[in-house]
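**Student:** You'll find model.cif just under this line, and it carries mmCIF, C-alpha atoms.
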```
data_data
#
loop_
_atom_site.label_atom_id
_atom_site.label_comp_id
_atom_site.auth_asym_id
_atom_site.auth_seq_id
_atom_site.Cartn_x
_atom_site.Cartn_y
_atom_site.Cartn_z
CA THR A 4 -1.67 -5.25 -26.35
CA LEU A 5 1.85 -4.25 -25.53
CA ALA A 6 1.30 -0.55 -25.00
CA SER A 7 -1.97 1.07 -24.06
CA GLN A 8 -3.23 4.57 -24.36
CA ARG A 9 -2.46 6.62 -21.26
CA ALA A 10 -6.17 7.24 -20.61
CA MET A 11 -6.85 3.52 -20.37
CA SER A 12 -3.87 3.08 -18.04
CA ALA A 13 -5.03 5.92 -15.83
CA SER A 14 -8.49 4.32 -15.59
CA THR A 15 -7.13 0.93 -14.50
CA VAL A 16 -6.57 -0.06 -10.89
CA VAL A 17 -4.36 -2.96 -9.85
CA VAL A 18 -5.75 -4.79 -6.81
CA LYS A 19 -3.18 -6.88 -4.93
CA ASN A 20 -3.07 -9.05 -1.82
CA LEU A 21 -6.32 -10.80 -2.67
CA ASP A 22 -7.24 -13.97 -0.84
CA PRO A 23 -7.36 -17.07 -3.08
CA GLN A 24 -11.07 -17.56 -2.32
CA ILE A 25 -12.04 -14.20 -3.91
CA THR A 26 -14.28 -14.70 -6.93
CA GLU A 27 -14.76 -12.40 -9.90
CA LYS A 28 -18.44 -11.94 -8.98
CA LEU A 29 -17.63 -10.93 -5.40
CA LEU A 30 -14.87 -8.55 -6.47
CA TYR A 31 -17.12 -7.04 -9.15
CA GLU A 32 -19.86 -6.40 -6.57
CA LEU A 33 -17.38 -4.50 -4.39
CA MET A 34 -15.67 -2.53 -7.17
CA ILE A 35 -18.92 -1.42 -8.83
CA GLN A 36 -19.84 0.39 -5.60
CA VAL A 37 -17.47 3.27 -6.44
CA GLY A 38 -18.43 3.63 -10.10
CA PRO A 39 -19.09 1.90 -13.43
CA LEU A 40 -16.56 -0.69 -14.56
CA ARG A 41 -15.48 -1.26 -18.17
CA ASP A 42 -13.59 -4.43 -17.38
CA LEU A 43 -12.51 -6.61 -14.49
CA ARG A 44 -9.85 -9.31 -14.84
CA LEU A 45 -9.09 -11.76 -12.04
CA PRO A 46 -6.33 -14.14 -13.19
CA LEU A 47 -6.85 -17.65 -11.83
CA ASP A 48 -4.29 -20.29 -10.96
CA LYS A 49 -4.40 -23.00 -13.63
CA ASP A 50 -4.07 -25.84 -11.14
CA THR A 51 -6.40 -24.72 -8.34
CA ASN A 52 -8.72 -22.34 -10.25
CA ALA A 53 -8.33 -19.94 -7.29
CA SER A 54 -7.42 -16.26 -7.46
CA ARG A 55 -3.73 -15.60 -8.09
CA GLY A 56 -3.94 -12.70 -5.62
CA ILE A 57 -4.15 -9.89 -8.14
CA ALA A 58 -6.90 -8.26 -10.23
CA PHE A 59 -7.21 -5.45 -12.77
CA CYS A 60 -10.25 -3.17 -12.69
CA GLU A 61 -10.78 -0.70 -15.53
CA TYR A 62 -13.18 2.11 -14.66
CA ASN A 63 -14.87 4.51 -17.09
CA THR A 64 -12.65 7.46 -16.12
CA PRO A 65 -9.33 8.12 -14.37
CA GLU A 66 -11.23 10.08 -11.71
CA ILE A 67 -13.33 7.04 -10.77
CA ALA A 68 -10.18 4.90 -10.66
CA ALA A 69 -8.49 7.40 -8.31
CA TYR A 70 -11.61 7.47 -6.14
CA ALA A 71 -11.65 3.65 -5.98
CA ILE A 72 -8.06 3.65 -4.74
CA ARG A 73 -8.83 6.24 -2.04
CA VAL A 74 -11.98 4.46 -0.84
CA LEU A 75 -11.06 0.77 -1.15
CA ASP A 76 -7.31 0.58 -0.45
CA GLY A 77 -6.89 -1.37 2.78
CA VAL A 78 -10.44 -2.80 2.86
CA HIS A 79 -10.29 -6.33 4.29
CA MET A 80 -11.71 -9.25 2.35
CA PHE A 81 -11.44 -12.68 3.96
CA GLY A 82 -9.19 -11.13 6.60
CA LYS A 83 -6.66 -9.66 4.14
CA PRO A 84 -6.31 -5.94 3.33
CA MET A 85 -6.55 -5.21 -0.39
CA ARG A 86 -3.72 -3.08 -1.77
CA MET A 87 -4.77 -0.88 -4.64
CA SER A 88 -2.66 1.21 -6.99
CA LYS A 89 -2.80 2.88 -10.38
CA SER A 90 -1.84 0.72 -13.34
CA ASP A 91 0.79 1.85 -15.81
CA PHE A 92 1.91 0.28 -19.05
CA ALA A 93 5.47 0.44 -17.76
CA GLU A 94 7.24 1.51 -14.63
CA ILE A 95 10.87 2.51 -14.93
CA GLU A 96 13.32 1.35 -12.28
CA GLY A 97 16.83 2.41 -13.25
CA ALA A 98 17.34 1.04 -16.75
CA ARG A 99 14.74 -1.72 -16.35
CA LEU A 100 11.11 -1.49 -17.46
CA PHE A 101 8.31 -3.39 -15.79
CA VAL A 102 5.82 -4.10 -18.59
CA ASN A 103 2.41 -5.41 -17.52
CA GLY A 104 -0.91 -6.29 -19.08
CA LEU A 105 0.62 -8.85 -21.44
CA SER A 106 -1.35 -11.77 -22.77
CA TYR A 107 -0.29 -15.02 -21.15
CA LYS A 108 0.52 -16.23 -24.69
CA VAL A 109 3.22 -13.57 -25.22
CA ASP A 110 6.76 -14.88 -24.87
CA GLU A 111 10.31 -13.63 -25.48
CA SER A 112 10.19 -14.52 -29.19
CA ILE A 113 7.27 -12.09 -29.63
CA LEU A 114 8.57 -9.25 -27.44
CA ARG A 115 12.25 -9.31 -28.44
CA PRO A 116 11.74 -8.08 -32.05
CA ILE A 117 9.53 -5.26 -30.77
CA PHE A 118 11.93 -3.96 -28.13
CA GLU A 119 15.23 -4.61 -29.88
CA THR A 120 14.38 -1.79 -32.29
CA GLN A 121 14.85 0.59 -29.37
CA LYS A 122 18.24 2.18 -28.66
CA GLY A 123 20.05 0.63 -25.71
CA PHE A 124 17.96 -2.56 -25.56
CA GLU A 125 19.76 -5.36 -23.69
CA HIS A 126 17.36 -8.22 -22.89
CA ILE A 127 13.84 -9.32 -21.90
CA GLN A 128 12.72 -11.58 -19.09
CA ILE A 129 9.11 -12.81 -19.01
CA ALA A 130 7.93 -13.51 -15.44
CA ARG A 131 6.90 -17.14 -15.17
CA SER A 132 5.16 -19.29 -12.54
CA SER A 133 7.69 -21.50 -10.77
CA GLY A 134 5.62 -24.69 -10.98
CA SER A 135 4.21 -24.54 -14.50
CA ASN A 136 6.65 -22.14 -16.23
CA GLU A 137 3.56 -20.31 -17.61
CA SER A 138 3.74 -16.56 -18.24
CA ARG A 139 2.42 -14.41 -15.39
CA GLY A 140 1.37 -11.60 -17.77
CA PHE A 141 4.30 -9.24 -17.20
CA ALA A 142 7.94 -8.85 -18.20
CA PHE A 143 11.12 -6.97 -17.40
CA VAL A 144 12.95 -5.25 -20.25
CA ASN A 145 16.51 -4.09 -19.58
CA PHE A 146 18.21 -1.16 -21.29
CA ASP A 147 21.74 0.20 -21.04
CA SER A 148 20.55 3.44 -19.36
CA ARG A 149 17.54 5.07 -17.77
CA GLU A 150 17.41 7.49 -20.70
CA SER A 151 17.07 4.60 -23.17
CA ALA A 152 14.30 3.05 -21.03
CA GLU A 153 12.43 6.37 -20.87
CA ALA A 154 12.78 6.82 -24.64
CA ALA A 155 11.27 3.36 -25.21
CA VAL A 156 8.30 4.16 -22.96
CA ALA A 157 7.79 7.48 -24.79
CA TYR A 158 7.91 5.69 -28.15
CA PHE A 159 5.39 2.98 -27.20
CA THR A 160 2.96 5.33 -25.47
CA ASP A 161 2.95 8.08 -28.13
CA PRO A 162 -0.77 8.68 -28.90
CA LYS A 163 0.10 9.62 -32.53
CA ARG A 164 1.38 6.08 -33.04
CA GLY A 165 -1.80 4.52 -31.69
CA ARG A 166 -1.94 1.22 -29.84
CA LEU A 167 0.71 -1.36 -30.58
CA LEU A 168 -0.97 -4.72 -30.96
CA VAL A 169 0.85 -8.02 -30.81
CA ASP A 170 -0.38 -10.32 -33.60
CA GLY A 171 -2.65 -13.14 -32.48
CA MET A 172 -3.25 -11.78 -29.01
#
```
Output the file's structure as structure tokens, nothing else.

**Tutor:**
Amino acid sequence: TLASQRAMSASTVVVKNLDPQITEKLLYELMIQVGPLRDLRLPLDKDTNASRGIAFCEYNTPEIAAYAIRVLDGVHMFGKPMRMSKSDFAEIEGARLFVNGLSYKVDESILRPIFETQKGFEHIQIARSSGSNESRGFAFVNFDSRESAEAAVAYFTDPKRGRLLVDGM
């Protein structure tokens, strides 16, 4: 999906600074301690099959997600402190959107027609791994002003519009 409902976003925690030897089973066992999980995604490096250092944990409610951040942020696993934060569909920095949660199959040719309908759209950059040039699951979308970027976020997260799905993903 490109945009998600705000409730889903508020229930998702991004876990960063994970050691490469973290497994999905081990992370699940830790995360379930604070409350029921709907979903846990631990992207793996294609070459090494090790953790890419980031995970996404979707809890049943935003309250459980907030509790998980309070309780588990800074907990050390394999000597590294986990860094936990709330997940958002998009974070606005100036006139640039950070769009996460993309399928690794999504590329510029899929996103461009979606975003170029928005006023002030300038360009899209999919984040890619330096070695393999594979998508990293997020993108940056530039607009001519912060107002245009905010309008695009409002458009894509409007609950009346429902979830915007990208075909084939």

**Student:** Compare A:Asp50, A:Phe101, A:Ile113, A:Arg131 by their minimum atom-to-atom distance to Phe146 of chain A, counting only C-alpha atoms, and give me the closest one.

**Tutor:**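 When distances to Phe146 of chain A are compared using only C-alpha atoms, the smallest one comes from A:Phe101.
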
**Student:** Please identify all polymer residues within 9 Å of Thr64 of chain A, counting all atoms listed in the file, omitting same-chain residues fewer than 3 positions from it, and present them as a list in words.

**Tutor:** Ala10, Met11, Ala13, Ser14, Thr15, Pro39, Glu61, Ile67, Ala68 and Ala69 of chain A

**Student:** With all atoms listed in the file as the basis for distance, which of A:Leu100, A:Val16, A:Ala155, A:Leu21 is at the shortest distance from Lys83 of chain A?

**Tutor:**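 Among the listed residues, A:Leu21 lies closest to Lys83 of chain A.
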
**Student:** Could you tell me which residues the PyMOL selection byres ((chain A and resi 77-82) around 9) grabs in this file, written as an MDAnalysis selection string?

**Tutor:** chainID A and resid 21:22 24:25 74:76 83:87

**Student:** Rank nothing, just name the residue among A:Lys19, A:Phe124, A:Met34, A:Phe141 nearest to Ala98 of chain A, using all atoms listed in the file.

**Tutor:**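 For Ala98 of chain A, the nearest of the given residues is A:Phe124.
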
**Student:** Written as an MDAnalysis selection string, what is the full residue list that the PyMOL selection byres ((chain A and resi 147) around 9) yields on the file shown?

**Tutor:** chainID A and resid 98:99 122:125 145:146 148:152

**Student:** Could you give me the axis-aligned bounding box of segment 18-24 of chain A, with 6 Å of padding per side, as centre plus edge lengths in Å to one decimal, as JSON?

**Tutor:**
```
{"center_x": -7.1, "center_y": -11.2, "center_z": -3.8, "size_x": 20.0, "size_y": 24.8, "size_z": 18.0}
```

**Student:** Do you know which residues the PyMOL selection byres ((chain A and resi 44) around 8) returns on this file, as a list of chain:residue names?

**Tutor:** A:Glu27, A:Asp42, A:Leu43, A:Leu45, A:Pro46, A:Ala58, A:Phe59, A:Cys60

**Student:** Using Å and a single decimal, report how far atom CA of Thr26 of chain A sits from atom CA of Ala53 of chain A.

**Tutor:**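 Result for atom CA of Ala53 of chain A versus atom CA of Thr26 of chain A: 7.9 Å, one decimal.
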
**Student:** Out of A:Asn63, A:Val17, A:Ala142, A:Ser133, which residue has the shortest atom-to-atom distance to Arg115 of chain A when counting only C-alpha atoms?

**Tutor:**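 Closest to Arg115 of chain A, using only C-alpha atoms: A:Ala142.
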
**Student:** In terms of the shortest atom-to-atom distance over all atoms listed in the file, which of A:Asn52, A:Thr120, A:Asn103, A:Gln36 is closest to Arg139 of chain A?

**Tutor:**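 The shortest atom-to-atom distance to Arg139 of chain A comes from A:Asn103.
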
**Student:** Could you jot down the atom CA of His126 of chain A to atom CA of Val144 of chain A separation for me, Å, one decimal place?

**Tutor:**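 Those two atoms sit 5.9 Å apart.
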
**Student:** Ser138 of chain A: which residues within 10 Å, counting all atoms listed in the file, same-chain residues fewer than 3 positions away excluded, as a list of chain:residue names?

**Tutor:** A:Leu105, A:Ser106, A:Tyr107, A:Lys108, A:Val109, A:Asp110, A:Ile129, A:Ala130, A:Arg131, A:Ser132, A:Ser133, A:Ser135, A:Phe141, A:Ala142

**Student:** Would you work out the distance separating atom CA of Gly38 of chain A from atom CA of Ile57 of chain A, expressed in Å to one decimal?

**Tutor:**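 Answer for the atom CA of Gly38 of chain A to atom CA of Ile57 of chain A separation: 19.8 Å.
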